[in-house]
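Next comes work_16.cif, with mmCIF, C-alpha atoms and all ligand atoms.
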data_input
loop_
_atom_site.label_atom_id
_atom_site.label_comp_id
_atom_site.auth_asym_id
_atom_site.auth_seq_id
_atom_site.Cartn_x
_atom_site.Cartn_y
_atom_site.Cartn_z
CA MET Y 1 124.19 -79.65 -37.53
CA LYS Y 2 124.27 -76.76 -35.06
CA SER Y 3 127.10 -77.41 -32.56
CA ASN Y 4 127.18 -76.48 -28.92
CA LEU Y 5 129.55 -73.65 -28.04
CA SER Y 6 132.44 -75.80 -26.72
CA THR Y 7 132.37 -77.98 -29.84
CA LEU Y 8 132.09 -75.01 -32.15
CA LEU Y 9 135.07 -73.28 -30.53
CA ALA Y 10 137.29 -76.36 -30.14
CA GLN Y 11 136.83 -77.15 -33.82
CA ALA Y 12 137.16 -73.59 -35.12
CA GLY Y 13 139.01 -73.68 -38.43
CA ASN Y 14 138.87 -77.47 -38.83
CA ARG Y 15 138.12 -78.83 -42.28
CA LYS Y 16 139.00 -75.51 -43.90
CA ASP Y 17 141.83 -76.90 -46.02
CA PRO Y 18 140.55 -79.95 -47.93
CA LYS Y 19 143.71 -79.98 -50.07
CA THR Y 20 145.97 -80.99 -47.17
CA GLY Y 21 143.53 -81.78 -44.36
CA ALA Y 22 145.42 -79.41 -42.05
CA ILE Y 23 143.73 -79.38 -38.66
CA SER Y 24 145.03 -75.98 -37.71
CA VAL Y 25 143.71 -73.34 -40.08
CA PRO Y 26 146.47 -72.07 -42.40
CA ILE Y 27 147.76 -68.54 -41.94
CA TYR Y 28 147.17 -66.90 -45.30
CA GLN Y 29 150.01 -64.40 -45.06
CA THR Y 30 149.17 -62.57 -48.23
CA ALA Y 31 148.11 -59.03 -49.04
CA SER Y 32 146.50 -59.87 -52.34
CA PHE Y 33 144.98 -62.76 -54.31
CA GLY Y 34 145.52 -63.50 -58.00
CA HIS Y 35 142.70 -63.60 -60.54
CA THR Y 36 142.46 -66.04 -63.43
CA GLY Y 37 140.79 -63.47 -65.67
CA LEU Y 38 138.70 -60.37 -65.87
CA GLY Y 39 135.67 -60.65 -63.60
CA GLN Y 40 137.12 -63.82 -61.98
CA SER Y 41 137.76 -64.07 -58.24
CA THR Y 42 138.31 -66.84 -55.69
CA GLY Y 43 136.15 -64.77 -53.35
CA PHE Y 44 139.28 -63.10 -52.01
CA ASP Y 45 140.81 -60.06 -53.71
CA TYR Y 46 142.71 -58.01 -51.15
CA SER Y 47 143.30 -58.81 -47.48
CA ARG Y 48 141.92 -55.54 -46.12
CA THR Y 49 138.56 -56.54 -47.59
CA SER Y 50 138.76 -60.22 -46.66
CA ASN Y 51 141.37 -62.83 -45.79
CA PRO Y 52 140.68 -66.58 -45.38
CA THR Y 53 142.28 -66.82 -41.91
CA ARG Y 54 140.45 -63.76 -40.66
CA LEU Y 55 137.23 -65.07 -42.21
CA VAL Y 56 137.45 -68.28 -40.15
CA LEU Y 57 137.77 -66.14 -37.03
CA GLU Y 58 134.90 -63.89 -38.09
CA GLU Y 59 132.58 -66.81 -38.84
CA THR Y 60 133.45 -68.41 -35.51
CA LEU Y 61 132.75 -65.18 -33.62
CA ALA Y 62 129.40 -64.76 -35.38
CA ALA Y 63 128.36 -68.34 -34.63
CA ALA Y 64 129.49 -68.12 -30.99
CA ASP Y 65 127.30 -65.07 -30.41
CA GLY Y 66 124.37 -66.25 -32.53
CA GLY Y 67 124.88 -63.27 -34.85
CA VAL Y 68 124.57 -62.87 -38.59
CA LYS Y 69 128.09 -61.60 -39.16
CA GLY Y 70 131.34 -61.16 -37.24
CA PHE Y 71 134.25 -58.82 -37.84
CA ALA Y 72 137.81 -58.89 -36.53
CA PHE Y 73 139.66 -55.65 -35.89
CA ALA Y 74 143.16 -54.57 -34.94
CA SER Y 75 142.05 -53.81 -31.35
CA GLY Y 76 138.96 -53.51 -29.19
CA LEU Y 77 139.02 -49.76 -29.65
CA ALA Y 78 139.25 -50.14 -33.44
CA ALA Y 79 136.14 -52.35 -33.23
CA ILE Y 80 134.27 -49.73 -31.18
CA ASP Y 81 135.46 -46.98 -33.53
CA ALA Y 82 133.93 -48.83 -36.50
CA VAL Y 83 130.63 -49.21 -34.63
CA LEU Y 84 130.53 -45.52 -33.68
CA HIS Y 85 130.81 -44.66 -37.37
CA LEU Y 86 127.21 -45.88 -37.68
CA PHE Y 87 126.23 -42.58 -36.06
CA HIS Y 88 126.30 -39.02 -37.35
CA SER Y 89 127.07 -35.55 -36.10
CA GLY Y 90 124.22 -34.40 -33.86
CA ASP Y 91 123.34 -37.94 -32.71
CA ARG Y 92 123.40 -38.76 -29.02
CA LEU Y 93 124.25 -42.04 -27.33
CA ILE Y 94 123.48 -43.17 -23.80
CA VAL Y 95 126.77 -44.55 -22.49
CA THR Y 96 127.64 -46.52 -19.35
CA GLU Y 97 129.24 -44.00 -17.02
CA ASP Y 98 132.04 -46.12 -15.53
CA LEU Y 99 133.16 -47.83 -18.71
CA TYR Y 100 136.73 -48.65 -19.75
CA GLY Y 101 138.81 -45.45 -19.80
CA GLY Y 102 139.94 -45.95 -23.40
CA THR Y 103 136.34 -46.14 -24.61
CA PHE Y 104 135.58 -43.00 -22.59
CA ARG Y 105 138.55 -41.29 -24.29
CA LEU Y 106 137.25 -42.39 -27.72
CA PHE Y 107 133.82 -40.89 -27.00
CA GLU Y 108 135.19 -37.69 -25.46
CA GLN Y 109 138.32 -36.90 -27.44
CA VAL Y 110 137.59 -38.39 -30.86
CA PHE Y 111 133.82 -38.52 -31.41
CA ARG Y 112 132.63 -35.55 -29.32
CA PRO Y 113 134.67 -33.10 -31.43
CA LEU Y 114 133.01 -34.70 -34.48
CA GLY Y 115 129.57 -33.92 -33.06
CA LEU Y 116 128.59 -37.18 -31.35
CA ASP Y 117 127.24 -36.56 -27.86
CA ALA Y 118 127.63 -39.16 -25.10
CA LEU Y 119 125.15 -38.99 -22.24
CA TYR Y 120 126.74 -40.89 -19.34
CA VAL Y 121 124.35 -42.91 -17.23
CA ASP Y 122 124.58 -45.63 -14.59
CA THR Y 123 123.26 -48.38 -16.86
CA SER Y 124 122.88 -50.73 -13.90
CA ASN Y 125 120.04 -48.42 -12.80
CA LEU Y 126 116.96 -49.08 -14.96
CA GLN Y 127 115.20 -45.91 -13.83
CA ALA Y 128 118.18 -43.81 -14.87
CA VAL Y 129 118.23 -45.53 -18.28
CA GLN Y 130 114.49 -45.03 -18.73
CA LYS Y 131 114.84 -41.33 -17.97
CA ALA Y 132 117.79 -40.96 -20.35
CA LEU Y 133 115.82 -42.66 -23.13
CA GLN Y 134 113.42 -39.70 -23.00
CA SER Y 135 116.18 -37.23 -23.89
CA PRO Y 136 115.99 -35.82 -27.42
CA GLY Y 137 118.21 -37.11 -30.22
CA ILE Y 138 119.14 -40.49 -28.69
CA LYS Y 139 120.13 -42.89 -31.49
CA GLY Y 140 122.06 -45.54 -29.60
CA ILE Y 141 122.87 -47.00 -26.22
CA PHE Y 142 126.33 -48.31 -25.47
CA ILE Y 143 126.37 -50.62 -22.48
CA GLU Y 144 129.45 -52.11 -20.91
CA THR Y 145 128.41 -54.96 -18.63
CA PRO Y 146 129.99 -55.87 -16.32
CA THR Y 147 131.70 -52.50 -16.23
CA ASN Y 148 135.44 -52.03 -16.05
CA PRO Y 149 136.48 -51.74 -13.22
CA LEU Y 150 133.41 -51.52 -10.95
CA LEU Y 151 131.72 -54.66 -12.30
CA LYS Y 152 128.25 -53.16 -12.39
CA ILE Y 153 125.66 -55.31 -14.14
CA ALA Y 154 123.11 -54.03 -16.65
CA ASP Y 155 119.84 -55.72 -17.58
CA ILE Y 156 120.44 -56.12 -21.32
CA ARG Y 157 117.08 -57.76 -21.97
CA THR Y 158 115.01 -54.92 -20.50
CA ILE Y 159 117.14 -52.08 -21.85
CA SER Y 160 117.31 -53.46 -25.39
CA SER Y 161 113.54 -54.03 -25.48
CA TRP Y 162 112.96 -50.38 -24.52
CA ALA Y 163 115.56 -49.25 -27.05
CA ARG Y 164 114.08 -51.33 -29.87
CA ALA Y 165 110.62 -49.86 -29.22
CA GLN Y 166 112.17 -46.42 -29.87
CA ASN Y 167 114.27 -47.55 -32.86
CA ILE Y 168 117.47 -47.06 -30.88
CA LEU Y 169 120.47 -49.36 -31.43
CA THR Y 170 121.75 -51.31 -28.44
CA ILE Y 171 125.48 -52.02 -28.39
CA VAL Y 172 126.99 -54.18 -25.65
CA ASP Y 173 130.66 -54.40 -24.76
CA ASN Y 174 130.79 -58.08 -23.77
CA THR Y 175 134.56 -58.21 -23.19
CA PHE Y 176 134.33 -59.40 -19.58
CA PHE Y 177 131.78 -62.20 -19.99
CA THR Y 178 132.27 -63.36 -23.62
CA PRO Y 179 129.63 -65.55 -25.33
CA VAL Y 180 130.46 -68.31 -22.82
CA PHE Y 181 128.70 -66.42 -20.05
CA GLN Y 182 126.51 -63.86 -21.80
CA LYS Y 183 125.09 -63.59 -25.32
CA PRO Y 184 123.99 -59.99 -25.82
CA LEU Y 185 122.31 -60.59 -29.19
CA GLU Y 186 120.15 -63.37 -27.76
CA LEU Y 187 119.17 -60.98 -24.95
CA GLY Y 188 117.98 -58.48 -27.57
CA ALA Y 189 120.99 -56.27 -28.31
CA ASP Y 190 121.88 -55.35 -31.90
CA ILE Y 191 125.66 -55.38 -31.68
CA ALA Y 192 128.22 -57.06 -29.42
CA VAL Y 193 131.73 -55.60 -29.26
CA TYR Y 194 134.85 -57.10 -27.74
CA SER Y 195 138.37 -56.41 -26.84
CA ALA Y 196 139.49 -59.82 -28.14
CA THR Y 197 142.84 -59.01 -26.54
CA LYS Y 198 141.29 -60.24 -23.29
CA PHE Y 199 139.39 -63.48 -22.69
CA LEU Y 200 138.71 -64.37 -26.35
CA ALA Y 201 142.41 -64.64 -27.21
CA GLY Y 202 143.26 -65.35 -23.59
CA HIS Y 203 147.05 -65.54 -23.52
CA ASN Y 204 148.19 -61.91 -23.31
CA ASP Y 205 149.96 -62.30 -26.63
CA VAL Y 206 147.83 -60.37 -29.10
CA VAL Y 207 145.84 -57.11 -29.36
CA ALA Y 208 142.56 -57.62 -31.23
CA GLY Y 209 138.93 -56.57 -31.37
CA ALA Y 210 135.64 -57.99 -32.57
CA VAL Y 211 132.13 -56.95 -33.57
CA VAL Y 212 129.17 -59.27 -34.03
CA VAL Y 213 125.87 -58.01 -35.42
CA ARG Y 214 122.28 -59.23 -35.30
CA THR Y 215 121.10 -58.24 -38.78
CA ALA Y 216 122.38 -58.47 -42.35
CA GLU Y 217 121.86 -54.72 -42.73
CA LEU Y 218 124.17 -53.97 -39.81
CA GLY Y 219 126.58 -56.52 -41.26
CA GLU Y 220 126.68 -54.59 -44.53
CA ARG Y 221 127.32 -51.31 -42.77
CA ILE Y 222 130.02 -52.55 -40.37
CA GLY Y 223 131.64 -54.48 -43.25
CA PHE Y 224 131.74 -51.24 -45.21
CA PHE Y 225 133.44 -49.36 -42.36
CA GLN Y 226 135.86 -52.23 -41.69
CA ASN Y 227 137.04 -52.10 -45.28
CA ALA Y 228 136.80 -48.32 -45.71
CA ILE Y 229 138.64 -47.46 -42.48
CA GLY Y 230 140.93 -50.46 -42.72
CA SER Y 231 141.68 -51.24 -39.07
CA ILE Y 232 141.55 -54.99 -39.72
CA LEU Y 233 143.18 -57.83 -37.82
CA GLY Y 234 146.12 -59.38 -39.65
CA PRO Y 235 146.24 -63.11 -40.51
CA GLN Y 236 148.81 -64.09 -37.87
CA ASP Y 237 146.90 -62.32 -35.12
CA SER Y 238 143.64 -63.80 -36.40
CA TRP Y 239 145.21 -67.23 -36.06
CA LEU Y 240 146.25 -66.48 -32.47
CA VAL Y 241 142.69 -65.48 -31.57
CA ILE Y 242 141.31 -68.65 -33.23
CA ARG Y 243 143.77 -70.73 -31.20
CA GLY Y 244 142.71 -68.93 -28.02
CA LEU Y 245 139.01 -69.42 -28.73
CA LYS Y 246 139.44 -73.20 -28.79
CA THR Y 247 139.97 -73.30 -25.03
CA LEU Y 248 137.76 -70.34 -24.08
CA PRO Y 249 135.04 -72.29 -22.20
CA LEU Y 250 137.64 -74.35 -20.28
CA ARG Y 251 139.71 -71.32 -19.35
CA LEU Y 252 136.73 -69.30 -18.24
CA GLN Y 253 135.40 -72.08 -16.08
CA LYS Y 254 138.70 -72.43 -14.24
CA GLN Y 255 139.22 -68.66 -14.01
CA GLN Y 256 135.73 -68.22 -12.59
CA GLU Y 257 136.28 -70.96 -9.97
CA ASN Y 258 139.57 -69.37 -8.92
CA ALA Y 259 138.04 -65.90 -8.82
CA LEU Y 260 135.21 -67.01 -6.55
CA GLN Y 261 137.72 -68.38 -4.05
CA VAL Y 262 139.94 -65.29 -4.24
CA ALA Y 263 136.96 -62.92 -3.86
CA THR Y 264 135.58 -64.87 -0.90
CA TRP Y 265 138.99 -64.81 0.77
CA LEU Y 266 139.43 -61.07 0.12
CA ALA Y 267 135.98 -60.32 1.56
CA SER Y 268 137.08 -61.58 4.96
CA HIS Y 269 140.44 -59.79 5.02
CA PRO Y 270 140.72 -57.01 7.67
CA HIS Y 271 142.53 -54.58 5.32
CA VAL Y 272 139.97 -55.00 2.54
CA LYS Y 273 137.00 -52.65 2.79
CA LEU Y 274 134.94 -53.66 -0.22
CA VAL Y 275 135.01 -56.50 -2.74
CA ARG Y 276 133.24 -56.30 -6.07
CA PHE Y 277 132.79 -59.69 -7.74
CA PRO Y 278 129.59 -60.67 -9.55
CA GLY Y 279 129.76 -64.18 -8.04
CA LEU Y 280 129.43 -62.93 -4.45
CA PRO Y 281 125.86 -63.40 -3.18
CA HIS Y 282 125.23 -59.71 -2.48
CA HIS Y 283 126.84 -58.25 -5.58
CA PRO Y 284 124.38 -55.71 -7.07
CA GLY Y 285 122.77 -57.16 -10.17
CA ARG Y 286 123.37 -60.76 -9.10
CA ASP Y 287 119.62 -61.39 -9.58
CA ILE Y 288 119.96 -60.50 -13.28
CA LEU Y 289 122.86 -62.94 -13.69
CA ASP Y 290 120.90 -65.70 -11.95
CA ARG Y 291 117.76 -65.04 -13.96
CA GLU Y 292 119.53 -65.03 -17.32
CA GLN Y 293 121.80 -67.95 -16.30
CA ILE Y 294 124.87 -65.85 -16.87
CA GLY Y 295 128.21 -66.74 -15.26
CA PHE Y 296 130.20 -64.41 -13.04
CA GLY Y 297 133.51 -64.07 -14.87
CA SER Y 298 136.87 -63.71 -13.22
CA MET Y 299 137.35 -60.00 -12.70
CA ILE Y 300 137.45 -58.70 -9.15
CA SER Y 301 137.94 -55.19 -7.87
CA PHE Y 302 138.51 -54.38 -4.25
CA GLU Y 303 139.17 -51.39 -2.05
CA ILE Y 304 141.87 -51.51 0.56
CA ASP Y 305 141.80 -49.45 3.73
CA ALA Y 306 144.64 -47.06 2.87
CA ALA Y 307 146.03 -45.73 -0.43
CA SER Y 308 149.49 -45.81 1.16
CA ARG Y 309 149.46 -49.61 0.85
CA VAL Y 310 149.00 -49.60 -2.93
CA ALA Y 311 152.64 -49.17 -3.97
CA GLY Y 312 153.80 -51.99 -1.68
CA ILE Y 313 151.12 -54.34 -2.98
CA LEU Y 314 151.93 -53.65 -6.62
CA SER Y 315 155.67 -54.09 -6.20
CA GLY Y 316 155.36 -56.97 -3.73
CA VAL Y 317 153.22 -59.46 -5.68
CA LYS Y 318 155.13 -62.49 -6.96
CA VAL Y 319 152.44 -64.54 -8.68
CA PHE Y 320 150.07 -61.78 -9.86
CA LEU Y 321 151.76 -59.56 -12.41
CA PHE Y 322 151.38 -55.81 -12.02
CA ALA Y 323 150.24 -54.99 -15.54
CA GLU Y 324 147.41 -53.49 -17.55
CA SER Y 325 144.99 -55.77 -19.39
CA LEU Y 326 143.00 -58.77 -18.28
CA GLY Y 327 141.43 -62.03 -19.30
CA GLY Y 328 144.55 -64.10 -19.96
CA VAL Y 329 145.66 -67.32 -18.31
CA GLU Y 330 148.09 -65.31 -16.16
CA SER Y 331 146.68 -63.41 -13.16
CA LEU Y 332 147.21 -59.65 -13.33
CA ILE Y 333 146.76 -56.84 -10.83
CA THR Y 334 145.94 -53.33 -12.06
CA TYR Y 335 145.57 -49.91 -10.43
CA PRO Y 336 142.64 -48.44 -12.43
CA ALA Y 337 142.90 -44.81 -11.28
CA VAL Y 338 146.40 -44.60 -12.76
CA GLN Y 339 146.46 -47.26 -15.47
CA THR Y 340 143.13 -47.76 -17.20
CA HIS Y 341 141.18 -44.63 -16.21
CA ALA Y 342 143.79 -41.87 -16.25
CA ASP Y 343 141.82 -40.09 -18.99
CA MET Y 344 138.81 -39.66 -16.74
CA ASP Y 345 138.98 -36.50 -14.63
CA PRO Y 346 139.70 -37.13 -10.92
CA ALA Y 347 136.34 -35.73 -9.73
CA THR Y 348 134.40 -38.12 -12.01
CA ARG Y 349 136.60 -41.04 -10.98
CA ASP Y 350 135.99 -40.27 -7.31
CA ARG Y 351 132.24 -39.88 -7.77
CA LEU Y 352 132.08 -43.27 -9.52
CA GLY Y 353 134.25 -45.05 -6.97
CA ILE Y 354 137.40 -45.46 -9.09
CA ASN Y 355 139.41 -44.09 -6.20
CA ASP Y 356 143.06 -44.34 -5.16
CA ARG Y 357 142.31 -47.36 -2.94
CA LEU Y 358 140.78 -49.47 -5.70
CA LEU Y 359 142.71 -52.38 -7.18
CA ARG Y 360 141.54 -54.70 -9.95
CA LEU Y 361 142.40 -58.36 -10.36
CA SER Y 362 142.14 -60.48 -13.46
CA VAL Y 363 142.23 -64.00 -12.10
CA GLY Y 364 143.96 -66.59 -14.26
CA ILE Y 365 144.22 -70.37 -14.27
CA GLU Y 366 147.05 -70.79 -11.76
CA ASP Y 367 146.69 -72.85 -8.59
CA VAL Y 368 144.32 -70.77 -6.49
CA ASN Y 369 146.31 -71.36 -3.28
CA ASP Y 370 149.31 -69.68 -4.86
CA LEU Y 371 147.15 -66.70 -5.78
CA ILE Y 372 145.73 -66.37 -2.28
CA HIS Y 373 149.14 -66.78 -0.60
CA ASP Y 374 150.51 -64.08 -2.88
CA LEU Y 375 147.78 -61.64 -1.85
CA GLU Y 376 148.10 -62.65 1.80
CA ALA Y 377 151.81 -61.78 1.75
CA VAL Y 378 151.30 -58.27 0.32
CA LEU Y 379 148.16 -57.37 2.26
C1 LIG O 401 135.81 -53.51 -21.53
C2 LIG O 401 136.84 -53.10 -22.54
N1 LIG O 401 136.45 -52.71 -23.75
C3 LIG O 401 137.33 -52.32 -24.70
C4 LIG O 401 138.69 -52.30 -24.44
C5 LIG O 401 139.65 -51.85 -25.50
O1 LIG O 401 140.27 -52.94 -26.08
P1 LIG O 401 141.74 -52.93 -26.74
O2 LIG O 401 142.70 -52.64 -25.62
O3 LIG O 401 141.87 -54.29 -27.32
O4 LIG O 401 141.74 -51.85 -27.75
C6 LIG O 401 139.15 -52.71 -23.18
C7 LIG O 401 140.59 -52.71 -22.89
O5 LIG O 401 141.00 -52.87 -21.76
C8 LIG O 401 138.20 -53.12 -22.21
O6 LIG O 401 138.57 -53.51 -20.98
#
For this file, produce the structure as structure tokens.
Amino acid sequence: MKSNLSTLLAQAGNRKDPKTGAISVPIYQTASFGHTGLGQSTGFDYSRTSNPTRLVLEETLAAADGGVKGFAFASGLAAIDAVLHLFHSGDRLIVTEDLYGGTFRLFEQVFRPLGLDALYVDTSNLQAVQKALQSPGIKGIFIETPTNPLLKIADIRTISSWARAQNILTIVDNTFFTPVFQKPLELGADIAVYSATKFLAGHNDVVAGAVVVRTAELGERIGFFQNAIGSILGPQDSWLVIRGLKTLPLRLQKQQENALQVATWLASHPHVKLVRFPGLPHHPGRDILDREQIGFGSMISFEIDAASRVAGILSGVKVFLFAESLGGVESLITYPAVQTHADMDPATRDRLGINDRLLRLSVGIEDVNDLIHDLEAVL
């Protein structure tokens, strides 16, 4: 029987240990697996190649996204690194221009010197994407949607249909929405990537990454790179992500509700000049979310009226924590220009809108009145 997402996630790892009936999947803390004889294997040989705890996570991720195969990595960037190994020197990728700074650094400082060219485009602008698709040598399109930190929305369905017609791979970083709100493969993309550190694990206690692919052929190739490069997720961390996934739909629902209230409150504050939250009625791309029945998530970014207020806000918050990262049950406040996008040059940051007045919130599951009072006190 095919389960609905909440059931699938709540029961992840159940019935995996018939010997004891353990409800929580065992942590197979082993590097290697014994063989009973030459040519004999339990299906597990060495934990870099496969580990039973990690496999439960990988099967759950694949099922949640409607993909053929899932892979768990040591971090979101390790997951993206494995995907970028699908390409070769001389290939070009269209890449969302205001994506997470660490992904930008990976493209610019690791893969560009190896010959991979990233063509940065506003992927929320279909005309810009269409034009870029006419450039020579394009082999892939890497879309982050919503983007970090500007929360721009891309039309995955349209872009991936254009890409497929040209035999171009579509990769979507679905970290902010997760399969609860958006299923890139069902919208036509070939690969979904995640920083599982964020919403998937959800408790700010583990760094992890994930890849889910649409075809068996891509599964073979990513599986090869996962094993050959070796940046796998360990069994204990795999268990933590499985535990987090069980409550993913519940957490996201509450986080989204809180975020809508916080964003609405911020939008009417005299010191706040601009609020970006996909759930606000006039957020650009809201029509795409409504059409595809996608949720809004719980990330907000907002511009205050003066950069001189930033330091006081960051040191003054008592409920929000001033910290990098996002997606956990605890609310965090981040200063993107300094924390997450320091590797982007200041002129590019300014052009995109990642300026010194921009703050980013990851809204958690706390009582929303406490969150609003906290912001009220520092603003
Ligand atoms: C959208 C997005 N993708 C990828 C990453 C990288 O993930 P990790 O920090 O787990 O390597 C991040 C990290 O913040 C992110 O926000």
Practice item. Could you give me the residues within 9 Å of ligand LIG 401 (chain O), counting only C-alpha atoms and all ligand atoms, as a PyMOL selection string? Key: chain Y and resi 73-80+99-103+144-149+173-176+193-198+206-210+324-326+340
Point to revise | Selected residue, from Y:Ala154, Y:Ile304, Y:Ile94, Y:Ile171, that lies nearest to Pro270 (chain Y) when counting all atoms listed in the file | key: Y:Ile304
Point to revise | Nearest residue to Gly67 (chain Y) from the set Y:Leu314, Y:Val212, Y:Ala189, Y:Ala267 (distances using only C-alpha atoms) | key: Y:Val212
Check your understanding: Expressed in Å to a single decimal, how great is the separation between CA of Ala323 (chain Y) and CA of Leu361 (chain Y)?
Key -> 10.0 Å
**Study point:** Long-range neighbours of Ala12 (chain Y) as a PyMOL selection string, 7 Å cut-off, all atoms listed in the file, 6 positions minimum in chain
**Key:** chain Y and resi 60+242+246
Practice item. Give me, please, the distance in Å between CA of Gln130 (chain Y) and CA of Ala337 (chain Y), quoted to one decimal. Key: 29.4 Å
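Going from CA of Phe320 (chain Y) over to CA of Leu375 (chain Y), you cover 8.3 Å.
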Point to revise | Answer as JSON, numbers by chain, residues within 7 Å of (141.9, -55.3, -46.4) using all atoms listed in the file | key: {"Y": [46, 47, 48, 49, 50, 227, 230, 232]}
Which residues come within 12 Å of region 108-117 of chain Y, counting all atoms listed in the file, excluding same-chain residues fewer than 3 positions away, as an mmCIF file with C-alpha atoms, in the coordinates of the input?
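Ended up saving to selection-v8.cif:
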data_model
loop_
_atom_site.group_PDB
_atom_site.id
_atom_site.type_symbol
_atom_site.label_atom_id
_atom_site.label_comp_id
_atom_site.auth_asym_id
_atom_site.auth_seq_id
_atom_site.Cartn_x
_atom_site.Cartn_y
_atom_site.Cartn_z
ATOM 1 C CA LEU Y 77 139.020 -49.760 -29.650
ATOM 2 C CA ILE Y 80 134.270 -49.730 -31.180
ATOM 3 C CA ASP Y 81 135.460 -46.980 -33.530
ATOM 4 C CA ALA Y 82 133.930 -48.830 -36.500
ATOM 5 C CA VAL Y 83 130.630 -49.210 -34.630
ATOM 6 C CA LEU Y 84 130.530 -45.520 -33.680
ATOM 7 C CA HIS Y 85 130.810 -44.660 -37.370
ATOM 8 C CA LEU Y 86 127.210 -45.880 -37.680
ATOM 9 C CA PHE Y 87 126.230 -42.580 -36.060
ATOM 10 C CA HIS Y 88 126.300 -39.020 -37.350
ATOM 11 C CA SER Y 89 127.070 -35.550 -36.100
ATOM 12 C CA GLY Y 90 124.220 -34.400 -33.860
ATOM 13 C CA ASP Y 91 123.340 -37.940 -32.710
ATOM 14 C CA ARG Y 92 123.400 -38.760 -29.020
ATOM 15 C CA LEU Y 93 124.250 -42.040 -27.330
ATOM 16 C CA ILE Y 94 123.480 -43.170 -23.800
ATOM 17 C CA VAL Y 95 126.770 -44.550 -22.490
ATOM 18 C CA GLY Y 101 138.810 -45.450 -19.800
ATOM 19 C CA GLY Y 102 139.940 -45.950 -23.400
ATOM 20 C CA THR Y 103 136.340 -46.140 -24.610
ATOM 21 C CA PHE Y 104 135.580 -43.000 -22.590
ATOM 22 C CA ARG Y 105 138.550 -41.290 -24.290
ATOM 23 C CA TYR Y 120 126.740 -40.890 -19.340
ATOM 24 C CA SER Y 135 116.180 -37.230 -23.890
ATOM 25 C CA PRO Y 136 115.990 -35.820 -27.420
ATOM 26 C CA GLY Y 137 118.210 -37.110 -30.220
ATOM 27 C CA ILE Y 138 119.140 -40.490 -28.690
ATOM 28 C CA LYS Y 139 120.130 -42.890 -31.490
ATOM 29 C CA GLY Y 140 122.060 -45.540 -29.600
ATOM 30 C CA ILE Y 141 122.870 -47.000 -26.220
ATOM 31 C CA ASP Y 343 141.820 -40.090 -18.990
ATOM 32 C CA MET Y 344 138.810 -39.660 -16.740
ATOM 33 C CA ASP Y 345 138.980 -36.500 -14.630
#
Practice item. Measuring atom to atom with only C-alpha atoms, identify which of Y:Trp239, Y:Tyr335, Y:Trp265, Y:Phe181 is nearest to Pro26 (chain Y). Key: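 Once distances to Pro26 (chain Y) are computed over only C-alpha atoms, the minimum belongs to Y:Trp239.
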